[in-house]
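Q: Before we start, here is the structure in question, set down as structure tokens.
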Amino acid sequence: MSAVDLALFLTVIGSIVLFGGAAALALGWAFKSGQFENFQHGSQSIFGPDEPPGEPTDAFPGEPAPRP
Amino acid sequence: MDRGMVIFLGALLTFSSSWLGLVLFPFWQLGGEKPYQKDETDDPYPVPLQGLALAGQKVYQNNGCMYCHTQQVRSERFGNWWDANGEQRTGADIRRSYGQRRTVSRDYIYDNPTMLGTMRTGPDLANIGVRNPSAPWHHTHLLNPRSANAWSIMPSFAFFYTREKVVGSRSDKALSLGREWTVNPGYRWKPSAKEWDALLAAQGPALAAQVGLDPASAEGKKQLLDYWLTTPEEDYQVVPNADGDALVAYLLALRKAEVPLPEAKE
Amino acid sequence: MPAPLTSEMLEANRARSAAERAAIDASCRGPVLAFAVSAVFWLLMGSVLALIASIKLHSPYFLTGSAELTFGRVRMAHLQAVGIGWASLATVAAALWQMCRLSRAELIYPKILYLACALWNVGTLLAVFGIIFGDGQSVEWLDAPRYAPPFFIAALGIVVAWVVAVFRRRREPHVYVTQWYILGAVFWFPWMYLVTVFMIFWAPATGVVQPIVNWWFGHNTLGLWFTPVAVGTAYYLIPKIIGRPIHSYYLSIIGFWALALFYSWAGMHHLIGGPIPGWLASASTVGSMMMLIPVLAVAINHHMTMRGHFHRLRYSPALRFTVFGAIAYTAVSVQGSFEALKDFSEVAHFTHYTVAHAHLGAYGFVTMIYFGLFYYMIPRLTGREWASPLLIRVHFWCAAVGITVYFVALSIGGWWQGRMMNNPDVPFGKIVTYLLPYLFTRSVAGVLLTVGHLAFAVSFIMNLAGWGKRRSGGPTFFVEPGG
């Protein structure tokens, strides 16, 4: 194995360990912090009192968005 | 929750293994290949490019030739087609004489970059040095591909050539093409009706005497023009520059899939 | 059970929430606009380069004679301008803004992001002009000359750090599915890029390992960089615009992890029949088929969310583009899965069919969703409405008709090109001649797309110049930035 080959080999192995490790940590954290519980609540998290569900938020300029 | 953890750890393992599979494994399997020699007296294959051909590889690379031309030959079993009797057959590449066998990883161990290509707007070039070993043909084709194939959509590579006044005798490298291709390199040139009339007035009789046509009749005038356009210019010549020479040297050095390799047997 | 809120308290809540959203948007304004403006600039450059390349394929004497504008160079420069320029810069803008909004956190130290934006632009400039002046590398997706990658790496480093920093400062405890996608993308892409640049340029691997790494990267650029952010954007915009949560949030999370799991396997079909180990192509086919899971998850989800709200496509420009993009995502992914099958791929390989497929993905899906995002995001950053509904309509119809014509023409032409190439009795010249009308149609489509982009650029400039009406009240309960 030449020096270049060795360098490449280490890069790939190193990145797989790093990558797999980080992904494992992310998943572990997601479970522990309850990210996969109460999906109903999660899907609502993008709305707020100012932009509640039921209110459309985009329209052509100068034209009112029709109420649902 | 526990079951979820197991599922996701399994998923993760699969994921990491894809990087392992797609990058590391080929690297391992293909990284250490050596040239092939049948026995000690046999010449090794492949050999690294050298000199002009190596410089030509860079010209090929920097001008993006790879985006229209592949350098890989698919196997006898690749791709269905139906012959005149409606029988299903396979393997067009070898029948189109792109190579005598499919290409294998060993064909590329000295390629850097490895320009396999993914598009065949033009034909494959893996063995172009064997399929068409004529340097003059490649030069005329590169100057303006329409000079070789009227249907071609390949760009003119006139910037690999110089048009210059002949000093003394013509250069050995000068392209032997009619003036229609060389007066304005890269384009197909034709004199305007006025220019042609002026030319005829000046040297028409001498020209007509050479070929025995009558410049007075409309038909004769047209035939004379065709003849004149297909003869080379007398005092100008088109010669390849360093890049043109190098690129053709590279093309002629492309001889993949011509030497039998044990692993390419089917 | 909390006490029922009085209407004053509701109003106060609403105002507080609106002020918070406005403050977040205001903190993003400078850097995100910088990325967005650069993205649109490179989109225009890329369109011009694309048109030149496209015309050259049916009229070879067009702009012939100059080395700088030869087809091979222009094609490489086009991919860099739209891939590294437009799509990647738009991805960064999308990632930054949505990460701030979804984390309910302001962007900190925005000035350093200007540096990242400048570095990225210098890198793209070097890439495009380096290629034009003869330093192209002929490594698909990585044609940029060797002096360009350091700029991208530095810029990416800053962007990733900032996305993660915003995420860490989040006030919203729930990690929305879009954030998962963005985090995945900013994690995968720099890593892929570094490994690939290392293995192809800095310490070149031997022979066919290079194209293997190249296509692992090339396909994953679409799959693990543009796709996650664009799909994530659709997951934010569609529910947000129509005011209705995602149909099945559970399915969307499954979709994310399935994409993460299978996409990286799918790239090797670009090398089918080539001098690579057979198992690689087989594994890739399996990965491609498995991609049907996340794709259908997204398709079902977006469709069910939109159900009963399709009439809104008439009223919302952002929704139009986004839904077009989401539909194209399903189409291109299902097509891609089947394209990986052997009999199919043996025809489509090396033809314009693949080019059509790539553009349906990169344009019909990714670019259209980013257009949708820009139509939604820019007014909220500049505080101005779009000045001209007409320009928006011109943009939409040019883009939608253009990409459809493009895709249909090249798919048909490419398919028969493949069938004829597989038949050794058909001379090559016949195939070239057969393709001419399809290639010409592609140029017409290219003109349409370019006109659309010009309309978009004009709209954008008018908005930045303050020609649109000030946003106030309206459907978003918008609070003036700084006010």
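Order determines the names: the first chain of the structure tokens is A, the second B, and so forth; residues in each chain are numbered 1 upward, and ligands are numbered 1 upward as they are shown.
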Using only C-alpha atoms, which residues sit within 7 Å of range 35-46 of chain A once same-chain residues fewer than 6 positions away are excluded, as an MDAnalysis selection string?
A: chainID C and resid 102 174:176 245:246 249:250
Q: Can I get the selection written as a compact mmCIF listing (two decimals), in the first residue's frame, with C-alpha atoms?
A:
```
# COMPACT_ATOMS: atom_id res chain seq x y z
CA LEU C 102 -38.33 27.13 12.87
CA HIS C 174 -39.78 20.63 18.89
CA VAL C 175 -37.49 19.86 15.94
CA TYR C 176 -39.72 20.25 12.89
CA PRO C 245 -50.71 21.20 9.35
CA ILE C 246 -49.09 18.35 7.41
CA TYR C 249 -46.40 14.20 10.42
CA TYR C 250 -45.35 10.67 11.35
```
Q: Could you state the separation of CA of Pro190 in chain C and CA of Trp279 in chain C in Å, given to one decimal place?
A: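 Separation between CA of Pro190 in chain C and CA of Trp279 in chain C: 27.5 Å.
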Q: For a quick check of understanding, using only C-alpha atoms, which of A:Val17, A:Pro53, A:Phe60, A:Phe47 has the smallest distance to chain B?
A: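 Checking each candidate against chain B, we get A:Val17 as the closest.
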Q: What residues in chain C have any atom no more than 7 Å from chain A when counting only C-alpha atoms, and can you write them as a list in words?
A: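 The complete set of qualifying residues is Asn13, Arg14, Ala15, Ser17, Ala18, Leu102, His174, Val175, Tyr176, Met199, Ala203, Lys240, Ile241, Ile242, Gly243, Arg244, Pro245, Ile246, Tyr249, Tyr250, Tyr315, Ser316, Pro317, Glu385, Trp386, Pro389, Pro475, Thr476 and Phe477 of chain C.
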Q: Based on the selection just made, write N, CA and C atoms of those residues as an mmCIF file, in the first residue's frame.
A:
```cif
data_model
loop_
_atom_site.group_PDB
_atom_site.id
_atom_site.type_symbol
_atom_site.label_atom_id
_atom_site.label_comp_id
_atom_site.auth_asym_id
_atom_site.auth_seq_id
_atom_site.Cartn_x
_atom_site.Cartn_y
_atom_site.Cartn_z
ATOM 1 N N ASN C 13 -51.120 38.366 22.710
ATOM 2 C CA ASN C 13 -50.367 37.174 22.306
ATOM 3 C C ASN C 13 -49.993 37.238 20.843
ATOM 4 N N ARG C 14 -50.979 37.595 20.070
ATOM 5 C CA ARG C 14 -50.817 37.657 18.630
ATOM 6 C C ARG C 14 -49.748 38.684 18.263
ATOM 7 N N ALA C 15 -49.833 39.838 18.897
ATOM 8 C CA ALA C 15 -48.861 40.899 18.607
ATOM 9 C C ALA C 15 -47.461 40.470 19.021
ATOM 10 N N SER C 17 -46.262 37.424 19.251
ATOM 11 C CA SER C 17 -45.795 36.399 18.330
ATOM 12 C C SER C 17 -45.383 37.023 16.988
ATOM 13 N N ALA C 18 -46.186 37.974 16.533
ATOM 14 C CA ALA C 18 -45.857 38.631 15.266
ATOM 15 C C ALA C 18 -44.564 39.423 15.384
ATOM 16 N N LEU C 102 -37.833 28.338 12.200
ATOM 17 C CA LEU C 102 -38.329 27.134 12.872
ATOM 18 C C LEU C 102 -37.736 26.974 14.257
ATOM 19 N N HIS C 174 -39.582 21.692 19.860
ATOM 20 C CA HIS C 174 -39.783 20.630 18.888
ATOM 21 C C HIS C 174 -38.915 20.859 17.647
ATOM 22 N N VAL C 175 -38.276 19.777 17.176
ATOM 23 C CA VAL C 175 -37.491 19.863 15.941
ATOM 24 C C VAL C 175 -38.409 19.480 14.785
ATOM 25 N N TYR C 176 -38.786 20.482 13.992
ATOM 26 C CA TYR C 176 -39.716 20.251 12.891
ATOM 27 C C TYR C 176 -39.019 19.462 11.788
ATOM 28 N N MET C 199 -10.211 12.620 -2.798
ATOM 29 C CA MET C 199 -9.943 11.377 -3.527
ATOM 30 C C MET C 199 -9.802 11.571 -5.033
ATOM 31 N N ALA C 203 -5.374 13.673 -3.686
ATOM 32 C CA ALA C 203 -4.621 12.424 -3.702
ATOM 33 C C ALA C 203 -5.377 11.474 -4.616
ATOM 34 N N LYS C 240 -47.799 26.044 5.745
ATOM 35 C CA LYS C 240 -47.792 27.423 6.205
ATOM 36 C C LYS C 240 -48.684 28.298 5.315
ATOM 37 N N ILE C 241 -48.579 28.102 4.007
ATOM 38 C CA ILE C 241 -49.326 28.976 3.097
ATOM 39 C C ILE C 241 -50.823 28.692 3.175
ATOM 40 N N ILE C 242 -51.180 27.397 3.216
ATOM 41 C CA ILE C 242 -52.620 27.130 3.222
ATOM 42 C C ILE C 242 -53.171 27.124 4.645
ATOM 43 N N GLY C 243 -52.317 27.237 5.636
ATOM 44 C CA GLY C 243 -52.787 27.309 7.010
ATOM 45 C C GLY C 243 -53.345 25.993 7.515
ATOM 46 N N ARG C 244 -52.654 24.901 7.187
ATOM 47 C CA ARG C 244 -53.145 23.595 7.611
ATOM 48 C C ARG C 244 -51.934 22.685 7.878
ATOM 49 N N PRO C 245 -51.880 22.035 9.048
ATOM 50 C CA PRO C 245 -50.707 21.203 9.349
ATOM 51 C C PRO C 245 -50.564 20.060 8.353
ATOM 52 N N ILE C 246 -49.339 19.497 8.285
ATOM 53 C CA ILE C 246 -49.092 18.352 7.409
ATOM 54 C C ILE C 246 -50.078 17.237 7.717
ATOM 55 N N TYR C 249 -47.714 13.770 10.020
ATOM 56 C CA TYR C 249 -46.396 14.199 10.421
ATOM 57 C C TYR C 249 -45.481 12.995 10.628
ATOM 58 N N TYR C 250 -46.078 11.918 11.121
ATOM 59 C CA TYR C 250 -45.348 10.675 11.348
ATOM 60 C C TYR C 250 -44.690 10.197 10.059
ATOM 61 N N TYR C 315 -54.384 31.632 -6.206
ATOM 62 C CA TYR C 315 -54.231 32.878 -5.457
ATOM 63 C C TYR C 315 -52.840 33.098 -4.895
ATOM 64 N N SER C 316 -52.060 32.027 -4.763
ATOM 65 C CA SER C 316 -50.755 32.193 -4.118
ATOM 66 C C SER C 316 -49.619 31.844 -5.071
ATOM 67 N N PRO C 317 -48.775 32.817 -5.398
ATOM 68 C CA PRO C 317 -47.646 32.509 -6.295
ATOM 69 C C PRO C 317 -46.685 31.508 -5.667
ATOM 70 N N GLU C 385 -44.090 44.228 -0.770
ATOM 71 C CA GLU C 385 -44.808 43.271 -1.604
ATOM 72 C C GLU C 385 -44.122 43.192 -2.962
ATOM 73 N N TRP C 386 -44.425 42.120 -3.710
ATOM 74 C CA TRP C 386 -43.949 42.058 -5.089
ATOM 75 C C TRP C 386 -44.637 43.169 -5.873
ATOM 76 N N PRO C 389 -47.800 41.615 -10.295
ATOM 77 C CA PRO C 389 -48.371 40.274 -10.445
ATOM 78 C C PRO C 389 -48.138 39.721 -11.842
ATOM 79 N N PRO C 475 -52.565 39.205 4.941
ATOM 80 C CA PRO C 475 -52.762 37.842 5.424
ATOM 81 C C PRO C 475 -51.732 37.420 6.464
ATOM 82 N N THR C 476 -50.580 38.077 6.520
ATOM 83 C CA THR C 476 -49.556 37.582 7.445
ATOM 84 C C THR C 476 -49.472 38.351 8.745
ATOM 85 N N PHE C 477 -50.293 39.350 8.922
ATOM 86 C CA PHE C 477 -50.231 40.141 10.136
ATOM 87 C C PHE C 477 -48.817 40.659 10.328
#
```
Q: Would you list the contacts of Gln203 in chain B as a list in words, taking every protein, DNA or RNA residue within 12 Å and counting only C-alpha atoms, but skipping same-chain residues closer than 5 positions in sequence?
A: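 Contacts, in chain order: Trp196, Asp197, Ala198, Ala208, Ala209, Gln210, Pro215, Leu224 and Trp228 of chain B.
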Q: Using only C-alpha atoms, which chain B residues lie at most 7 Å away from chain C, written as a ChimeraX atom specification?
A: /B:11,14-15,18,23,26-27,30-31,61-67,72,74,78-81,92,95-96,103-105,108-112,114,118-120,151,153-159,186-187
Q: In Å to one decimal, how far is CA of Val183 in chain B from CA of Leu207 in chain B?
A: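 CA of Leu207 in chain B sits 18.5 Å away from CA of Val183 in chain B.
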Q: Pick the closest to chain A from B:Glu33, B:Asp93, B:Glu180, B:Asp172: which is it, counting only C-alpha atoms?
A: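 So, comparing all the options, the nearest one is B:Glu33.
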Q: Which value, in Å to one decimal, gives the distance between CA of Ala90 in chain C and CA of Val323 in chain C?
A: 17.8 Å
Q: Once DSSP has gone over the backbone, tell me which residues of range 108-335 of chain C are in helix (DSSP H, G or I), as a ChimeraX atom specification.
A: /C:110-135,149-168,177-202,209-242,249-271,278-290,292-306,310-314,317-335
Q: Please provide the set of residues having any atom within 12 Å of Pro228 in chain C, restricted to only C-alpha atoms, with same-chain residues fewer than 5 positions apart removed, written as a PDB file with C-alpha atoms, in the first residue's frame.
A:
```pdb
ATOM      1  CA  THR C  91     -30.069  26.092  -0.640  1.00  0.00           C
ATOM      2  CA  VAL C  92     -28.001  28.099   1.831  1.00  0.00           C
ATOM      3  CA  ALA C  94     -33.363  28.440   2.385  1.00  0.00           C
ATOM      4  CA  ALA C  95     -31.481  26.645   5.135  1.00  0.00           C
ATOM      5  CA  VAL C 177     -39.224  17.867   9.970  1.00  0.00           C
ATOM      6  CA  THR C 178     -37.739  20.688   7.851  1.00  0.00           C
ATOM      7  CA  GLN C 179     -35.047  21.187  10.470  1.00  0.00           C
ATOM      8  CA  TRP C 180     -34.157  17.498  10.282  1.00  0.00           C
ATOM      9  CA  TYR C 181     -33.748  17.818   6.541  1.00  0.00           C
ATOM     10  CA  ILE C 182     -31.631  20.969   6.833  1.00  0.00           C
ATOM     11  CA  LEU C 183     -29.432  19.488   9.533  1.00  0.00           C
ATOM     12  CA  GLY C 184     -28.977  16.360   7.443  1.00  0.00           C
ATOM     13  CA  ALA C 185     -27.989  18.390   4.389  1.00  0.00           C
ATOM     14  CA  VAL C 186     -25.474  20.645   6.134  1.00  0.00           C
ATOM     15  CA  PHE C 187     -23.961  17.576   7.727  1.00  0.00           C
ATOM     16  CA  TRP C 188     -23.777  15.371   4.628  1.00  0.00           C
ATOM     17  CA  PHE C 189     -22.704  17.799   1.960  1.00  0.00           C
ATOM     18  CA  ASN C 220     -25.664  12.685  -3.716  1.00  0.00           C
ATOM     19  CA  THR C 221     -25.285  16.392  -4.454  1.00  0.00           C
ATOM     20  CA  LEU C 222     -28.819  16.210  -5.753  1.00  0.00           C
ATOM     21  CA  GLY C 223     -29.985  13.621  -3.238  1.00  0.00           C
ATOM     22  CA  THR C 233     -38.929  23.742   2.209  1.00  0.00           C
ATOM     23  CA  ALA C 234     -42.071  22.179   0.728  1.00  0.00           C
ATOM     24  CA  TYR C 235     -42.848  20.696   4.158  1.00  0.00           C
ATOM     25  CA  SER C 252     -42.851  12.836   7.045  1.00  0.00           C
ATOM     26  CA  GLY C 255     -39.640   9.783   4.921  1.00  0.00           C
ATOM     27  CA  PHE C 256     -36.636  11.679   6.215  1.00  0.00           C
ATOM     28  CA  TRP C 257     -34.905   8.674   7.699  1.00  0.00           C
ATOM     29  CA  ALA C 258     -35.679   6.528   4.672  1.00  0.00           C
ATOM     30  CA  LEU C 259     -34.085   9.146   2.407  1.00  0.00           C
ATOM     31  CA  ALA C 260     -31.035   9.272   4.645  1.00  0.00           C
ATOM     32  CA  TYR C 263     -30.361   7.744  -1.272  1.00  0.00           C
ATOM     33  CA  PRO C 294     -39.540   8.045   1.148  1.00  0.00           C
ATOM     34  CA  VAL C 295     -40.755   9.397  -2.187  1.00  0.00           C
ATOM     35  CA  VAL C 298     -43.656  12.672   0.657  1.00  0.00           C
ATOM     36  CA  TYR C 329     -40.236  15.540  -7.073  1.00  0.00           C
ATOM     37  CA  PHE C 365     -38.293  19.981  -8.582  1.00  0.00           C
ATOM     38  CA  VAL C 366     -35.464  21.853  -6.836  1.00  0.00           C
ATOM     39  CA  ILE C 369     -39.446  24.926  -4.977  1.00  0.00           C
TER      40      ILE C 369
END
```
Q: Would you kindly return, as a PyMOL selection string, each protein, DNA or RNA residue with an atom no farther than 8 Å from any atom of range 123-125 of chain B, considering only C-alpha atoms and excluding same-chain residues fewer than 5 positions away?
A: (chain B and resi 68-73+98+251+254) or (chain C and resi 428)
